[in-house]
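Written out below as structure tokens is the structure these notes cover.
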Amino acid sequence: MAVIVSVKNLTRVFDVSKPWLNRVLERLPKRKLTAVSDVSFEIEENTVYALVGESGSGKSTIGKMIVGLLPPSEGTVEIEGVNLATETDADTIERVRSDIQMIFQDPYASLNPRWKVGDIIEEPAVANGDDTDGLAEKLLEQVGLSASDVRKFPHEFSGGQRQRICVARALASEPNLIVCDEPTSALDVSVQAQVLNLMSDLKDSFGLTYLFISHDLTVIQHMADRIGVLYLGRLVEEAAPADLFGVPQHPYTQMLLEAAPRMDGFGREVEPPEGEIPDPINPPTGCAFHPRCPLAIDRCSKERPQLEVKSNARVACFRAGERAI
């Protein structure tokens, strides 16, 4: 399969220092927060690549850098072989940008309350100069709503219906890649299933590629063809769902799966994870997970493990595949 997204050594650092005058008066140094650290992966065409991890692991930051909402501090993002940060040809930039759309987490905040639904859906096509005659009505019916809804405002819809409108808007410019940033986390469980099934059907119908960002392992298992596990801005494991859920290699992945709710898990006792997520402004040396890892050895605190292929997965761990007793 062709690679549609190539991410190489992606890093994003935010300056979270106090204003200059405060630093001078209080004699404080600059403070830098590393949200994403040296992340590399590829997304093949017509597949779903999922990023999973705890809050603050850098999932949304990576999604925003891929669509161009944030510039990377280091590393590159290539979409269809084009690096938008360095490309100078205006036509090429316009073509690639029109192939990318994003579905945001909150359907209540991502729709303009002053616009009618028809105008909201047609906006990407209008920006590209495409024909919009009957487009909104057609897309609304494809996402399970009525064509007459074009005359309504967002406040007249439920949360699940609003997210369907967001999906319709994302389809308006006929994209190849859609970045889905926690698209169902604000919805009830029954509505989540409807939206996820809709997105799966649309992927097959339109030949779409998804970058799916979520903290919900059940959703990830249902949607993904390939899963990347993030911890403190670092990619610690990457594998197909069957391998990741069947034989997780990294201790952090094992911890996530053990803590996840299960239908057959009534009465089971699970030891809570030890320790807390480290401060991203002052991350641990070596492997970022070693202060919480039950398998950590002296080498883990001194040397950062690199992603290596082990048992059908890419994993960054010196003791990959081992399990704590």
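Residues in the structure tokens are named by chain (A, B, ... in the order shown) and by number from 1 within that chain; ligands are numbered from 1 in the order shown.
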Contacts of Pro113 in chain A at 12 Å (only C-alpha atoms; same-chain gap of 2+ positions) as a VMD selection string: chain A and resid 107 to 111 115 to 117 119 to 120 152 to 157 162
Could you dump the residues just selected with N, CA and C atoms as a tab-separated table (two decimals), in the first residue's frame?
chain	number	residue	atom	x	y	z
A	107	PRO	N	-18.34	18.34	19.68
A	107	PRO	CA	-19.25	18.76	18.61
A	107	PRO	C	-20.00	20.04	18.93
A	108	TYR	N	-20.03	20.43	20.21
A	108	TYR	CA	-20.72	21.66	20.60
A	108	TYR	C	-19.86	22.89	20.31
A	109	ALA	N	-18.55	22.75	20.40
A	109	ALA	CA	-17.65	23.89	20.22
A	109	ALA	C	-17.11	24.02	18.80
A	110	SER	N	-17.21	22.98	17.99
A	110	SER	CA	-16.57	23.00	16.68
A	110	SER	C	-17.51	23.45	15.55
A	111	LEU	N	-18.75	23.82	15.89
A	111	LEU	CA	-19.69	24.32	14.89
A	111	LEU	C	-20.07	25.76	15.22
A	115	TRP	N	-24.21	30.11	12.13
A	115	TRP	CA	-24.37	29.65	10.75
A	115	TRP	C	-25.39	28.54	10.67
A	116	LYS	N	-26.09	28.49	9.55
A	116	LYS	CA	-26.97	27.35	9.29
A	116	LYS	C	-26.12	26.15	8.89
A	117	VAL	N	-26.68	24.96	9.11
A	117	VAL	CA	-25.94	23.72	8.89
A	117	VAL	C	-25.46	23.61	7.44
A	119	ASP	N	-24.54	25.96	5.39
A	119	ASP	CA	-23.36	26.80	5.19
A	119	ASP	C	-22.13	26.20	5.85
A	120	ILE	N	-22.33	25.59	7.02
A	120	ILE	CA	-21.22	24.96	7.74
A	120	ILE	C	-20.62	23.82	6.92
A	152	LYS	N	-31.45	24.42	9.36
A	152	LYS	CA	-31.43	24.51	10.83
A	152	LYS	C	-30.09	25.04	11.34
A	153	PHE	N	-30.09	25.40	12.63
A	153	PHE	CA	-28.87	25.85	13.30
A	153	PHE	C	-28.35	24.74	14.21
A	154	PRO	N	-27.06	24.76	14.56
A	154	PRO	CA	-26.48	23.67	15.37
A	154	PRO	C	-27.19	23.42	16.69
A	155	HIS	N	-27.76	24.47	17.32
A	155	HIS	CA	-28.38	24.25	18.64
A	155	HIS	C	-29.64	23.40	18.56
A	156	GLU	N	-30.13	23.14	17.36
A	156	GLU	CA	-31.34	22.35	17.19
A	156	GLU	C	-31.07	20.85	17.11
A	157	PHE	N	-29.80	20.46	17.31
A	157	PHE	CA	-29.42	19.05	17.17
A	157	PHE	C	-28.85	18.52	18.48
A	162	ARG	N	-24.81	16.44	15.96
A	162	ARG	CA	-23.80	17.47	15.67
A	162	ARG	C	-22.51	16.84	15.17
Within 6 Å of Asn46 in chain A using only C-alpha atoms, minus same-chain residues under 3 positions, as number ranges by chain: A: 207-209
Store the residues picked out above in a file with N, CA and C atoms, as an mmCIF file, in the first residue's frame.
data_model
loop_
_atom_site.group_PDB
_atom_site.id
_atom_site.type_symbol
_atom_site.label_atom_id
_atom_site.label_comp_id
_atom_site.auth_asym_id
_atom_site.auth_seq_id
_atom_site.Cartn_x
_atom_site.Cartn_y
_atom_site.Cartn_z
ATOM 1 N N GLY A 207 -13.021 5.539 0.420
ATOM 2 C CA GLY A 207 -11.601 5.232 0.380
ATOM 3 C C GLY A 207 -10.768 6.156 1.251
ATOM 4 N N LEU A 208 -11.251 6.444 2.465
ATOM 5 C CA LEU A 208 -10.600 7.410 3.346
ATOM 6 C C LEU A 208 -9.461 6.774 4.148
ATOM 7 N N THR A 209 -8.581 7.629 4.617
ATOM 8 C CA THR A 209 -7.531 7.249 5.559
ATOM 9 C C THR A 209 -7.755 8.044 6.833
#
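With only C-alpha atoms as the atoms that count, the residue of A:Asp204, A:Glu308, A:Glu74, A:Glu303 with the shortest distance to Val48 in chain A is A:Asp204.
Coordinates place CA of Ile93 in chain A at a distance of 15.3 Å from CA of Thr76 in chain A.
In terms of minimum interatomic distance to Val16 in chain A, A:Leu33 ranks closest within A:Leu171, A:Ala239, A:Leu33, A:Ala2, counting only C-alpha atoms.
Non-sequential neighbours of Arg323 in chain A (distance at most 9 Å, separation of 6 or more positions within a chain, only C-alpha atoms) are Gln249, His250, Pro251, Gln254, Pro294 and Leu295 of chain A.
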Neighbour list for Glu54 in chain A as a ChimeraX atom specification, cut-off 8 Å, only C-alpha atoms, skip fewer than 2 positions in-chain: /A:52,56-57,215,230-231
Residues within 9 Å of Lys310 in chain A, only C-alpha atoms, excluding chain neighbours under 4 positions, as a list in words: Gln249, Arg314, Val315, Ala320 and Gly321 of chain A
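Considering the residues A:Leu69, A:Ile103, A:Val195, A:Leu135 and counting only C-alpha atoms, Ile121 in chain A has its shortest atom-to-atom contact with A:Leu135.
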Selection: 10 Å around Tyr252 in chain A, only C-alpha atoms, excl. self and same-chain fewer than 6 positions, as a ChimeraX atom specification: /A:53,229-231,236-237,258,273,289-290,292-294,317
Which of A:Gln163, A:Glu174, A:Val39, A:Val150 sits closest to Asp131 in chain A [using only C-alpha atoms]: A:Glu174
Distance query Pro284 in chain A at most 12 Å, only C-alpha atoms, self and fewer than 2 positions along chain excluded, as an MDAnalysis selection string: chainID A and resid 34 232 277:282 286:292 300:304
Those selected residues, please, written with C-alpha atoms and delivered as a PDB file, in the first residue's frame.
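Contents of again-v5.pdb, freshly written:
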ATOM      1  CA  THR A  34       8.248  18.892  25.506  1.00  0.00           C
ATOM      2  CA  LEU A 232       4.859  11.446  27.812  1.00  0.00           C
ATOM      3  CA  ILE A 277       2.857  10.750  35.230  1.00  0.00           C
ATOM      4  CA  PRO A 278       6.155  12.698  35.387  1.00  0.00           C
ATOM      5  CA  ASP A 279       6.324  16.434  34.819  1.00  0.00           C
ATOM      6  CA  PRO A 280       6.813  17.016  31.055  1.00  0.00           C
ATOM      7  CA  ILE A 281       8.760  20.187  31.860  1.00  0.00           C
ATOM      8  CA  ASN A 282      11.311  18.089  33.728  1.00  0.00           C
ATOM      9  CA  GLY A 286      16.464   7.523  30.049  1.00  0.00           C
ATOM     10  CA  CYS A 287      13.112   5.806  29.548  1.00  0.00           C
ATOM     11  CA  ALA A 288      10.313   8.167  30.586  1.00  0.00           C
ATOM     12  CA  PHE A 289       8.294   5.257  32.030  1.00  0.00           C
ATOM     13  CA  HIS A 290      11.027   3.863  34.281  1.00  0.00           C
ATOM     14  CA  PRO A 291       9.879   5.595  37.542  1.00  0.00           C
ATOM     15  CA  ARG A 292       6.570   3.666  37.298  1.00  0.00           C
ATOM     16  CA  CYS A 300      16.442   2.267  32.018  1.00  0.00           C
ATOM     17  CA  SER A 301      17.204   5.396  34.038  1.00  0.00           C
ATOM     18  CA  LYS A 302      20.350   6.208  32.057  1.00  0.00           C
ATOM     19  CA  GLU A 303      19.627   5.316  28.418  1.00  0.00           C
ATOM     20  CA  ARG A 304      16.599   6.061  26.252  1.00  0.00           C
TER      21      ARG A 304
END
